[in-house]
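Asker: What follows is the file my_file.txt, containing compact mmCIF, C-alpha atoms:
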# COMPACT_ATOMS: atom_id res chain seq x y z
CA MET O 48 84.95 106.41 45.10
CA SER O 49 88.14 104.76 43.97
CA ARG O 50 88.30 100.96 44.39
CA ARG O 51 92.10 101.00 44.28
CA ILE O 52 93.87 99.63 47.34
CA LYS O 53 95.20 102.59 49.32
CA TRP O 54 98.90 102.62 50.26
CA GLU O 55 98.12 102.75 53.97
CA HIS O 56 96.37 99.37 53.84
CA ILE O 57 99.57 97.76 52.53
CA VAL O 58 101.54 99.49 55.30
CA GLY O 59 98.94 98.28 57.81
CA LEU O 60 99.15 94.70 56.56
CA LEU O 61 102.94 94.75 56.92
CA GLY O 62 102.55 96.18 60.41
CA VAL O 63 100.02 93.55 61.50
CA LEU O 64 102.25 90.74 60.17
CA GLY O 65 105.22 92.36 61.94
CA MET O 66 103.26 92.55 65.19
CA ILE O 67 102.26 88.87 64.98
CA GLY O 68 105.93 87.95 64.51
CA GLY O 69 107.07 90.43 67.17
CA HIS O 70 104.56 89.17 69.73
CA TYR O 71 105.56 85.56 69.04
CA ALA O 72 109.25 86.46 69.45
CA GLY O 73 108.50 88.47 72.60
CA LEU O 74 106.58 85.61 74.19
CA PHE O 75 108.58 82.56 73.06
CA VAL O 76 111.96 83.50 71.52
CA ALA O 77 113.41 86.35 73.64
CA PRO O 78 115.05 85.32 76.93
CA PRO O 79 113.16 86.03 80.18
CA GLU O 80 114.12 89.21 82.00
CA ARG O 81 116.70 88.58 84.74
CA MET O 82 114.76 90.13 87.65
CA MET O 83 111.14 89.85 86.56
CA GLY O 84 111.23 86.63 84.58
CA ASP O 85 108.38 86.11 82.11
CA VAL O 86 106.48 89.12 83.50
CA GLY O 87 109.14 91.31 81.89
CA ARG O 88 107.97 90.21 78.43
CA ILE O 89 105.26 92.89 78.58
CA PHE O 90 108.19 95.29 78.01
CA TYR O 91 108.02 94.47 74.27
CA VAL O 92 104.54 95.98 74.08
CA HIS O 93 104.37 98.40 76.99
CA VAL O 94 107.45 100.46 76.13
CA PRO O 95 106.66 100.94 72.41
CA VAL O 96 103.07 101.87 73.31
CA ALA O 97 104.34 104.42 75.87
CA ILE O 98 106.82 106.01 73.45
CA LEU O 99 104.42 106.00 70.52
CA SER O 100 101.54 107.49 72.52
CA MET O 101 103.74 110.46 73.41
CA LEU O 102 104.98 110.65 69.83
CA MET O 103 101.41 110.61 68.55
CA PHE O 104 100.42 113.47 70.87
CA SER O 105 103.53 115.36 69.75
CA VAL O 106 102.44 115.00 66.11
CA SER O 107 99.03 116.34 67.23
CA GLY O 108 100.79 119.31 68.84
CA LEU O 109 102.80 120.06 65.69
CA ALA O 110 99.71 119.70 63.48
CA ALA O 111 97.77 122.00 65.82
CA LEU O 112 100.53 124.61 65.67
CA GLY O 113 100.62 124.22 61.89
CA TYR O 114 96.84 124.76 61.67
CA LEU O 115 97.00 127.91 63.80
CA MET O 116 99.74 129.29 61.53
CA THR O 117 98.30 128.30 58.14
CA SER O 118 94.55 127.55 58.68
CA ARG O 119 94.90 124.51 56.40
CA MET O 120 92.05 122.08 57.08
CA SER O 121 94.21 119.06 56.19
CA LEU O 122 96.21 119.81 59.36
CA ASP O 123 93.01 119.89 61.39
CA TRP O 124 92.13 116.44 60.07
CA LEU O 125 95.60 115.34 61.17
CA VAL O 126 94.91 116.74 64.66
CA GLU O 127 91.63 114.82 64.75
CA SER O 128 93.19 111.53 63.65
CA THR O 129 96.35 111.67 65.78
CA VAL O 130 94.48 112.74 68.93
CA GLU O 131 92.11 109.80 68.58
CA VAL O 132 94.88 107.29 67.91
CA GLY O 133 96.93 108.83 70.76
CA VAL O 134 94.01 108.47 73.18
CA MET O 135 93.60 104.83 72.14
CA LEU O 136 97.33 104.20 72.73
CA SER O 137 97.32 106.07 76.02
CA THR O 138 94.37 104.02 77.30
CA LEU O 139 96.12 100.83 76.23
CA LEU O 140 99.26 102.03 78.01
CA LEU O 141 97.44 102.44 81.33
CA ILE O 142 95.81 99.01 80.99
CA LEU O 143 99.15 97.35 80.14
CA GLY O 144 100.82 99.22 83.00
CA SER O 145 98.20 97.91 85.43
CA VAL O 146 98.64 94.35 84.16
CA TRP O 147 102.39 94.71 84.72
CA ALA O 148 102.05 96.48 88.09
CA ARG O 149 99.89 93.74 89.68
CA PRO O 150 102.56 91.01 89.74
CA THR O 151 105.48 93.45 90.05
CA TRP O 152 104.30 96.00 92.62
CA GLY O 153 101.41 93.95 94.04
CA VAL O 154 98.75 96.53 93.10
CA TRP O 155 96.76 97.43 89.98
CA TRP O 156 97.20 101.15 90.63
CA THR O 157 99.36 103.33 92.86
CA TRP O 158 99.74 107.10 93.20
CA ASP O 159 103.06 107.16 91.41
CA PRO O 160 103.97 110.42 89.59
CA ARG O 161 104.36 108.62 86.24
CA LEU O 162 100.95 107.00 86.55
CA ILE O 163 99.33 110.28 87.56
CA THR O 164 100.96 112.34 84.79
CA ALA O 165 100.11 109.68 82.17
CA THR O 166 96.46 109.67 83.31
CA VAL O 167 96.31 113.48 83.29
CA LEU O 168 97.79 113.44 79.77
CA LEU O 169 95.06 111.04 78.64
CA LEU O 170 92.32 113.14 80.23
CA THR O 171 93.53 116.38 78.62
CA PHE O 172 93.36 114.79 75.16
CA VAL O 173 89.96 113.23 75.91
CA GLY O 174 88.92 116.84 76.64
CA VAL O 175 90.15 117.83 73.16
CA MET O 176 88.02 115.07 71.61
CA LEU O 177 84.95 116.22 73.54
CA LEU O 178 85.60 119.83 72.54
CA ARG O 179 85.55 118.80 68.88
CA SER O 180 82.03 117.48 69.31
CA ALA O 181 80.84 120.71 70.94
CA THR O 182 80.37 122.63 67.70
CA THR O 183 79.40 121.90 64.11
CA ASN O 184 81.27 124.88 62.67
CA PRO O 185 84.46 123.47 61.04
CA GLU O 186 86.58 126.63 61.53
CA LYS O 187 85.59 126.99 65.18
CA ARG O 188 86.18 123.29 65.77
CA ALA O 189 89.61 123.44 64.17
CA THR O 190 90.76 126.56 66.04
CA TRP O 191 89.42 125.52 69.44
CA SER O 192 90.80 122.02 69.26
CA SER O 193 94.19 123.26 68.00
CA VAL O 194 94.49 125.63 70.96
CA ALA O 195 93.35 122.91 73.39
CA THR O 196 95.78 120.43 71.79
CA LEU O 197 98.73 122.78 72.27
CA PHE O 198 97.87 123.23 75.94
CA ALA O 199 97.38 119.48 76.37
CA TRP O 200 100.71 118.86 74.67
CA VAL O 201 102.50 120.68 77.53
CA ASN O 202 101.84 117.53 79.58
CA VAL O 203 103.91 115.35 77.19
CA PRO O 204 107.39 116.48 78.37
CA ILE O 205 106.12 116.56 81.98
CA THR O 206 104.99 112.92 81.65
CA TYR O 207 108.24 111.89 79.97
CA LYS O 208 110.44 113.57 82.58
CA SER O 209 108.23 112.65 85.58
CA VAL O 210 110.29 109.53 86.39
CA GLN O 211 113.45 111.64 86.58
CA TRP O 212 111.98 114.68 88.37
CA TRP O 213 110.09 112.75 91.04
CA ARG O 214 112.02 109.53 91.66
CA SER O 215 109.40 107.00 92.73
CA LEU O 216 108.21 103.45 92.11
CA HIS O 217 108.18 103.57 88.31
CA GLN O 218 111.62 102.90 86.83
CA ILE O 219 113.46 105.54 84.82
CA GLN O 220 114.10 105.12 81.07
CA THR O 221 116.41 102.15 80.38
CA PRO O 222 119.44 103.03 78.21
CA GLN O 223 119.65 100.98 74.99
CA ASP O 224 123.09 99.57 75.86
CA ALA O 225 121.69 98.09 79.07
CA ILE O 226 119.54 95.64 77.05
CA SER O 227 120.99 92.42 75.65
CA ASP O 228 120.97 91.94 71.86
CA PRO O 229 118.26 89.23 71.63
CA MET O 230 115.92 91.41 73.68
CA ARG O 231 116.78 94.62 71.81
CA ILE O 232 116.10 93.03 68.40
CA VAL O 233 112.64 91.84 69.49
CA TYR O 234 111.91 95.25 71.03
CA HIS O 235 112.89 97.07 67.83
CA GLU O 236 110.90 94.66 65.70
CA ASN O 237 107.79 95.32 67.76
CA MET O 238 108.44 99.06 67.68
CA ILE O 239 108.74 99.17 63.86
CA ALA O 240 105.64 96.97 63.44
CA MET O 241 103.62 99.23 65.74
CA ILE O 242 104.78 102.35 63.89
CA LEU O 243 103.51 100.81 60.63
CA VAL O 244 100.15 99.95 62.21
CA LEU O 245 99.84 103.48 63.61
CA VAL O 246 100.66 105.06 60.24
CA TRP O 247 97.85 102.91 58.85
CA PHE O 248 95.43 104.00 61.58
CA VAL O 249 96.26 107.70 61.24
CA ALA O 250 96.13 107.72 57.43
CA TRP O 251 92.83 105.86 57.43
CA ARG O 252 91.36 108.08 60.13
CA TRP O 253 92.61 111.17 58.23
CA ARG O 254 90.71 110.04 55.13
CA ILE O 255 87.54 109.55 57.22
CA ALA O 256 87.96 113.06 58.71
CA LYS O 257 88.44 114.47 55.21
CA SER O 258 85.38 112.66 53.85
CA ALA O 259 83.28 113.85 56.80
CA ALA O 260 84.45 117.45 56.26
CA LEU O 261 83.65 117.31 52.55
CA ALA O 262 80.22 115.81 53.28
CA GLU O 263 79.54 118.60 55.81
CA ALA O 264 80.60 121.34 53.39
CA PRO O 265 77.68 123.36 51.99
CA GLU O 266 76.61 122.82 48.38
CA PRO O 267 78.12 125.39 46.00
CA LEU O 268 75.70 128.10 44.94
CA PRO O 269 74.09 127.62 41.51
CA GLU O 270 75.59 129.69 38.74
CA ALA O 271 73.81 132.93 37.94
CA VAL O 272 71.50 132.67 34.97
CA ASN O 273 72.26 135.30 32.38
CA PRO O 274 69.15 137.15 31.20
CA MET Q 66 98.18 148.03 76.11
CA ILE Q 67 98.38 148.37 79.92
CA ARG Q 68 95.84 151.20 79.84
CA GLN Q 69 93.52 149.12 77.66
CA THR Q 70 93.91 146.12 79.99
CA LEU Q 71 93.10 148.27 83.00
CA ALA Q 72 90.02 149.65 81.19
CA VAL Q 73 88.73 146.10 80.56
CA LEU Q 74 89.56 145.14 84.16
CA ARG Q 75 87.65 148.16 85.43
CA LYS Q 76 84.66 147.27 83.25
CA GLU Q 77 84.66 143.67 84.53
CA LEU Q 78 84.92 144.69 88.17
CA LEU Q 79 82.23 147.36 87.71
CA VAL Q 80 79.82 144.81 86.23
CA GLU Q 81 80.65 142.50 89.16
CA TRP Q 82 80.23 145.27 91.73
CA ARG Q 83 76.82 146.32 90.37
CA ASP Q 84 75.50 142.79 90.62
CA ARG Q 85 77.67 141.06 93.26
CA SER Q 86 75.67 137.86 92.79
CA ARG Q 87 78.60 135.99 91.26
CA ILE Q 88 81.08 136.57 94.07
CA SER Q 89 78.55 135.88 96.84
CA GLY Q 90 77.36 132.75 95.00
CA LEU Q 91 80.95 131.59 94.65
CA PHE Q 92 81.67 132.11 98.32
CA PHE Q 93 78.65 130.08 99.44
CA PHE Q 94 79.41 127.39 96.85
CA ALA Q 95 83.01 127.06 98.12
CA MET Q 96 81.80 127.13 101.73
CA ALA Q 97 79.29 124.34 101.02
CA ILE Q 98 82.12 122.21 99.64
CA VAL Q 99 84.26 122.89 102.71
CA LEU Q 100 81.32 121.81 104.92
CA LEU Q 101 80.46 118.74 102.86
CA VAL Q 102 84.04 117.46 102.90
CA ALA Q 103 84.03 117.82 106.70
CA PHE Q 104 80.88 115.67 106.88
CA ALA Q 105 82.52 113.03 104.70
CA SER Q 106 85.73 112.95 106.74
CA PRO Q 107 86.08 109.88 108.99
CA SER Q 108 87.65 111.85 111.85
CA GLU Q 109 87.75 115.46 112.98
CA ALA Q 110 91.39 115.03 113.90
CA ILE Q 111 92.56 114.82 110.27
CA LEU Q 112 90.56 117.86 109.07
CA ALA Q 113 93.34 120.28 110.03
CA ARG Q 114 95.85 118.30 107.95
CA GLN Q 115 93.48 118.24 104.97
CA ALA Q 116 92.63 121.95 105.12
CA GLY Q 117 95.05 123.05 102.36
CA GLY Q 118 93.81 120.44 99.90
CA ILE Q 119 90.14 121.07 100.68
CA LEU Q 120 90.59 124.82 100.18
CA TRP Q 121 91.85 124.24 96.63
CA ILE Q 122 89.21 121.63 95.78
CA GLY Q 123 86.59 124.17 96.87
CA LEU Q 124 88.21 126.95 94.85
CA LEU Q 125 88.65 124.75 91.77
CA LEU Q 126 85.01 123.69 91.77
CA ALA Q 127 83.85 127.23 92.49
CA SER Q 128 86.07 128.61 89.71
CA THR Q 129 84.14 126.64 87.08
CA ARG Q 130 80.96 128.45 88.12
CA SER Q 131 82.77 131.79 88.00
CA LEU Q 132 84.55 131.24 84.68
CA ASP Q 133 81.35 129.92 83.14
CA GLN Q 134 79.71 133.23 84.01
CA SER Q 135 82.65 135.33 82.86
CA PHE Q 136 81.36 135.46 79.27
CA ALA Q 137 77.68 134.95 80.08
CA THR Q 138 76.83 138.66 80.14
CA GLU Q 139 78.45 139.22 76.76
CA MET Q 140 76.79 136.15 75.26
CA GLU Q 141 73.33 136.96 76.63
CA HIS Q 142 73.24 140.47 75.27
CA GLY Q 143 75.22 139.85 72.11
CA ALA Q 144 77.89 142.17 73.53
CA LEU Q 145 80.81 139.94 72.60
CA GLU Q 146 80.86 141.40 69.09
CA GLY Q 147 80.79 144.88 70.63
CA LEU Q 148 83.74 143.98 72.81
CA LEU Q 149 85.64 142.66 69.81
CA LEU Q 150 84.87 145.83 67.87
CA TRP Q 151 86.62 147.92 70.50
CA PRO Q 152 89.76 149.47 69.05
CA VAL Q 153 91.89 147.50 71.51
CA ASP Q 154 94.27 144.57 71.29
CA SER Q 155 92.49 141.25 71.95
CA ARG Q 156 95.24 140.49 74.47
CA SER Q 157 94.04 143.45 76.54
CA ILE Q 158 90.55 141.95 76.63
CA PHE Q 159 92.03 138.63 77.73
CA TYR Q 160 94.31 140.06 80.41
CA GLY Q 161 91.55 142.36 81.73
CA LYS Q 162 89.11 139.47 82.03
CA ALA Q 163 91.69 137.04 83.41
CA LEU Q 164 92.83 139.57 86.04
CA ALA Q 165 89.20 140.17 87.05
CA ASN Q 166 88.58 136.41 87.34
CA THR Q 167 91.77 136.01 89.39
CA LEU Q 168 90.78 138.86 91.75
CA ILE Q 169 87.28 137.45 92.25
CA LEU Q 170 88.70 133.99 93.06
CA LEU Q 171 91.26 135.56 95.38
CA CYS Q 172 88.50 137.36 97.30
CA VAL Q 173 86.68 134.03 97.75
CA ALA Q 174 89.94 132.36 98.85
CA LEU Q 175 90.62 135.11 101.40
CA ALA Q 176 87.12 134.67 102.79
CA ILE Q 177 87.39 130.86 103.01
CA VAL Q 178 90.82 130.69 104.71
CA PRO Q 179 89.61 132.07 108.10
CA LEU Q 180 86.83 129.45 108.06
CA LEU Q 181 89.48 126.74 107.76
CA PHE Q 182 91.24 128.08 110.85
CA GLY Q 183 87.94 128.32 112.74
CA MET Q 184 86.13 125.18 111.63
CA TYR Q 185 88.92 122.78 110.70
CA GLY Q 186 91.33 123.81 113.43
CA ALA Q 187 94.03 124.52 110.83
CA GLN Q 188 97.25 126.10 112.18
CA MET Q 189 99.48 128.75 110.67
CA ARG Q 190 103.00 127.52 111.32
CA GLY Q 191 104.61 129.17 108.27
CA SER Q 192 104.74 132.73 107.02
CA PRO Q 193 101.41 134.49 106.23
CA THR Q 194 103.16 136.22 103.32
CA LEU Q 195 103.98 132.83 101.81
CA LEU Q 196 100.34 131.74 102.26
CA LEU Q 197 99.23 134.90 100.46
CA ALA Q 198 101.73 134.17 97.67
CA PHE Q 199 100.26 130.66 97.22
CA LEU Q 200 96.72 132.07 97.18
CA VAL Q 201 97.61 134.74 94.58
CA MET Q 202 99.61 132.36 92.38
CA GLY Q 203 97.05 129.55 92.69
CA CYS Q 204 94.12 131.80 91.80
CA ALA Q 205 96.10 133.23 88.87
CA ALA Q 206 96.85 129.68 87.69
CA LEU Q 207 93.11 128.97 87.56
CA GLY Q 208 92.30 132.41 86.12
CA ALA Q 209 94.36 132.39 82.90
CA PRO Q 210 93.52 128.98 81.37
CA GLY Q 211 90.02 129.30 82.85
CA THR Q 212 89.37 132.56 81.02
CA LEU Q 213 90.65 131.18 77.70
CA PHE Q 214 88.61 127.98 77.93
CA GLY Q 215 85.68 129.91 79.40
CA GLY Q 216 85.74 131.97 76.18
CA ILE Q 217 85.74 128.82 74.09
CA VAL Q 218 83.02 126.90 75.90
CA ALA Q 219 80.75 129.96 76.16
CA GLN Q 220 80.27 129.56 72.40
CA ALA Q 221 80.02 125.75 72.48
CA ARG Q 222 77.23 123.30 73.20
CA GLY Q 223 77.08 121.83 76.71
CA SER Q 224 79.39 124.46 78.17
CA SER Q 225 78.69 123.67 81.83
CA VAL Q 226 79.97 120.11 81.38
CA LEU Q 227 82.74 120.94 78.95
CA LEU Q 228 84.60 123.53 81.03
CA PRO Q 229 85.47 121.20 83.95
CA LEU Q 230 86.43 118.45 81.49
CA LEU Q 231 88.87 120.75 79.73
CA LEU Q 232 90.10 122.74 82.71
CA PHE Q 233 90.55 120.15 85.48
CA PRO Q 234 93.21 117.94 83.83
CA LEU Q 235 95.00 121.03 82.55
CA VAL Q 236 95.35 122.69 85.96
CA VAL Q 237 96.29 119.54 87.90
CA PRO Q 238 99.96 120.63 88.31
CA ALA Q 239 98.88 124.07 89.58
CA VAL Q 240 96.25 122.74 91.99
CA LEU Q 241 98.72 120.14 93.27
CA ALA Q 242 101.40 122.79 93.85
CA ALA Q 243 98.95 125.23 95.47
CA ALA Q 244 97.46 122.55 97.75
CA LYS Q 245 100.85 121.16 98.78
CA GLY Q 246 102.24 124.68 99.28
CA THR Q 247 99.26 125.80 101.37
CA THR Q 248 99.55 122.62 103.46
CA VAL Q 249 103.26 123.13 104.17
CA VAL Q 250 102.59 126.74 105.19
CA MET Q 251 99.82 125.61 107.56
CA GLU Q 252 101.50 122.46 108.88
CA GLY Q 253 105.07 123.72 108.98
CA ASP Q 254 107.83 123.17 106.45
CA PRO Q 255 110.79 121.35 108.05
CA MET Q 256 112.00 120.05 104.67
CA GLY Q 257 111.84 123.48 102.99
CA GLN Q 258 109.45 122.35 100.23
CA GLY Q 259 107.46 125.59 100.03
CA GLY Q 260 109.91 127.30 97.68
CA SER Q 261 109.86 124.54 95.05
CA TRP Q 262 106.05 124.34 95.02
CA LEU Q 263 105.89 128.12 94.60
CA ALA Q 264 108.45 127.94 91.78
CA LEU Q 265 106.26 125.34 90.01
CA LEU Q 266 103.26 127.68 90.34
CA VAL Q 267 105.25 130.63 88.98
CA ALA Q 268 106.42 128.55 85.98
CA PHE Q 269 102.85 127.32 85.34
CA ASN Q 270 101.56 130.90 85.46
CA ALA Q 271 104.31 132.22 83.17
CA LEU Q 272 103.46 129.56 80.55
CA HIS Q 273 99.69 129.85 80.73
CA TRP Q 274 99.42 133.64 81.00
CA SER Q 275 101.65 134.08 77.94
CA LEU Q 276 100.14 131.30 75.77
CA SER Q 277 96.53 132.08 76.67
CA GLY Q 278 97.00 135.76 75.83
CA LEU Q 279 98.53 134.77 72.50
CA PHE Q 280 95.65 132.51 71.45
CA PHE Q 281 92.68 134.41 72.89
CA GLY Q 282 92.19 136.68 69.89
CA ARG Q 283 92.25 133.74 67.49
CA VAL Q 284 89.71 131.83 69.56
CA LEU Q 285 87.27 134.75 69.57
CA GLU Q 286 87.81 135.73 65.93
CA ASP Q 287 86.89 132.25 64.69
CA GLY Q 288 84.04 132.09 67.21
Using the file provided, produce a representation of the structure as structure tokens.

Answerer:
Amino acid sequence: MSRRIKWEHIVGLLGVLGMIGGHYAGLFVAPPERMMGDVGRIFYVHVPVAILSMLMFSVSGLAALGYLMTSRMSLDWLVESTVEVGVMLSTLLLILGSVWARPTWGVWWTWDPRLITATVLLLTFVGVMLLRSATTNPEKRATWSSVATLFAWVNVPITYKSVQWWRSLHQIQTPQDAISDPMRIVYHENMIAMILVLVWFVAWRWRIAKSAALAEAPEPLPEAVNP
Amino acid sequence: MIRQTLAVLRKELLVEWRDRSRISGLFFFAMAIVLLVAFASPSEAILARQAGGILWIGLLLASTRSLDQSFATEMEHGALEGLLLWPVDSRSIFYGKALANTLILLCVALAIVPLLFGMYGAQMRGSPTLLLAFLVMGCAALGAPGTLFGGIVAQARGSSVLLPLLLFPLVVPAVLAAAKGTTVVMEGDPMGQGGSWLALLVAFNALHWSLSGLFFGRVLEDG
């Protein structure tokens, strides 16, 4: 195994440093939100996590479609890695949302369409992860999980549009020009840092999936001995 | 392709008719759920208002037992390979099986609805045709993805646990629309919501019946 430092670790380091700076700026440098005060600072984490979780599941959907069209195992490893990272982000999103909802809405959880669709989205992708563990055959695993991923992906646009289709407690998407410059810079800084960290996670997880697949692969048959 | 689909449908219904254990089991399973929810309810007065939702919870839970069994005969006797060797399009096999599953669920739904009127005191303030449309569309919405994922989990480990885990989150929009639609038909629809819930069900069915048919062959070939 190569001892060279992989490119994704450098990307990850930059991302972690960016997140430390972004979190510091979000907590201490950016001005408090006009209506919510300091509670609104969770915006610098919650919104990027929400957008990136949907983006991650969309990459899973594209990779799944790609696998079904080409049968390339590298795309299946991408499905595996992005689904796992997406589930992690989606779980974090619901936790962050609850932390924000308690002081803002007065409850940890409410039956709001956005909350319900986001939870359903998480559960569908958890189903994909469980399906992957239901067989040891790599081709079956790849095909089944690609099909399940495509069906699960249908929930991504529904979740995104839920705040517009069913106007409820959760606010609709805030246009960029409605945010003041000091807040927008901190938001973008956090967003870029998180993208770098996620690229690191996915690339690392992809390598693990590849190594596991190669370890599972049967030994090549011995060459025939000529008489 | 229609003739092939009808041939598969006929085969499925014939197998069901010769045994009849699945449909009777499903009915009693759904009825047990309807009874159990009534026991758990804090007041008899709210049962009538909950009838639409309880019907679809019963059907959803019962459907997992039905869809689980949909491929059991083929798996037990190694007949799945035989089915795949038929000179027919794999989509015909899917649509035949999915139609059979939908019809079986619809029969259970039609048997449970009178119980809701009798035992829960549910009313019929809307059109019976609209209620039938919700039953047909709701059962179809469980039938298509259920048949596809039933085909997958029949070949997987821990299928009885896996099917609900995969199916339930996926069909949430359909169950929600069917339950809300059935409730507005039973309770009356002063706001005219029935049409939009039915439209959601139709869109869900259009998406899932087309996509599931497309992927079914691939799922079985690699299986």

Asker: Looking at O:Arg188, O:Arg88, O:Arg119, O:Arg161, which one is nearest to Q:Arg222, with distances taken over only C-alpha atoms?

Answerer: O:Arg188

Asker: Which centre and which edge lengths, in Å to one decimal, describe the axis-aligned box that holds all listed atoms of stretch 118-127 of chain O after 6 Å is added on each side, as AutoDock Vina command-line options?

Answerer:
--center_x 93.9 --center_y 121.2 --center_z 60.5 --size_x 16.6 --size_y 24.7 --size_z 20.6

Asker: Between Q:Ile217, Q:Gln258, Q:Leu265, Q:Thr248, which one has atoms that come closest to chain O, using only C-alpha atoms?

Answerer: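 Answer, going by the shortest atom-to-atom distance: Q:Ile217.
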
Asker: Would you mind listing, for every residue of chain Q within 10 Å of chain O, the two atoms forming the shortest contact and the distance between them in Å to one decimal, using all atoms listed in the file, sorted by chain and ascending residue number, as a tab-separated table?

Answerer:
residue	atom	partner	partner_atom	distance
Q:Pro210	CA	O:Phe198	CA	9.0
Q:Leu213	CA	O:Val194	CA	9.5
Q:Phe214	CA	O:Ala195	CA	8.3
Q:Ile217	CA	O:Trp191	CA	6.8
Q:Val218	CA	O:Ala181	CA	8.2
Q:Gln220	CA	O:Thr182	CA	8.4
Q:Ala221	CA	O:Ala181	CA	5.3
Q:Arg222	CA	O:Ala181	CA	5.0
Q:Gly223	CA	O:Ala181	CA	7.0
Q:Ser224	CA	O:Ala181	CA	8.3
Q:Leu227	CA	O:Leu178	CA	7.1
Q:Leu228	CA	O:Gly174	CA	9.1
Q:Pro229	CA	O:Gly174	CA	9.2
Q:Leu230	CA	O:Gly174	CA	5.7
Q:Leu231	CA	O:Gly174	CA	5.0
Q:Leu232	CA	O:Thr171	CA	8.3
Q:Phe233	CA	O:Thr171	CA	8.4
Q:Pro234	CA	O:Thr171	CA	5.4
Q:Leu235	CA	O:Thr171	CA	6.3
Q:Val236	CA	O:Val167	CA	9.6
Q:Val237	CA	O:Val167	CA	7.6
Q:Pro238	CA	O:Thr164	CA	9.1
Q:Leu272	CA	O:Val201	CA	9.4
Q:His273	CA	O:Phe198	CA	8.4
Q:Leu276	CA	O:Phe198	CA	8.4
Q:Ser277	CA	O:Val194	CA	8.9
Q:Phe280	CA	O:Val194	CA	7.0
Q:Phe281	CA	O:Val194	CA	9.2
Q:Arg283	CA	O:Thr190	CA	7.5
Q:Val284	CA	O:Trp191	CA	6.3
Q:Leu285	CA	O:Lys187	CA	9.1
Q:Glu286	CA	O:Lys187	CA	9.0
Q:Asp287	CA	O:Lys187	CA	5.4
Q:Gly288	CA	O:Lys187	CA	5.7

Asker: What lies within 10 Å of Q:Val99 using all atoms listed in the file, ignoring chain neighbours under 5 positions off, as a VMD selection string?

Answerer: chain Q and resid 93 to 94 104 116 119 to 124 177 180 to 181 184 to 185

Asker: Name the residues in contact with stretch 146-149 of chain O at a cut-off of 10 Å, using all atoms listed in the file, excluding same-chain residues fewer than 2 positions from it; report them as number ranges by chain.

Answerer: O: 86-90, 93, 140-144, 151-157, 217

Asker: Which polymer residues have any atom within 10 Å of an atom of O:Ser128, counting all atoms listed in the file, with same-chain residues fewer than 3 positions away left out, as a PyMOL selection string?

Answerer: chain O and resi 103+107+122-125+131-133+248-256

Asker: Could you name the residues that touch O:Met241 at 10 Å or less, counting all atoms listed in the file, but leaving out those on the same chain fewer than 3 positions away, as a PyMOL selection string?

Answerer: chain O and resi 59+61-63+65-66+69+92+95-96+99+235-238+244-247

Asker: Hey, can you check how far atom CA of Q:Val80 sits from atom CA of Q:Thr212?

Answerer: 16.4 Å
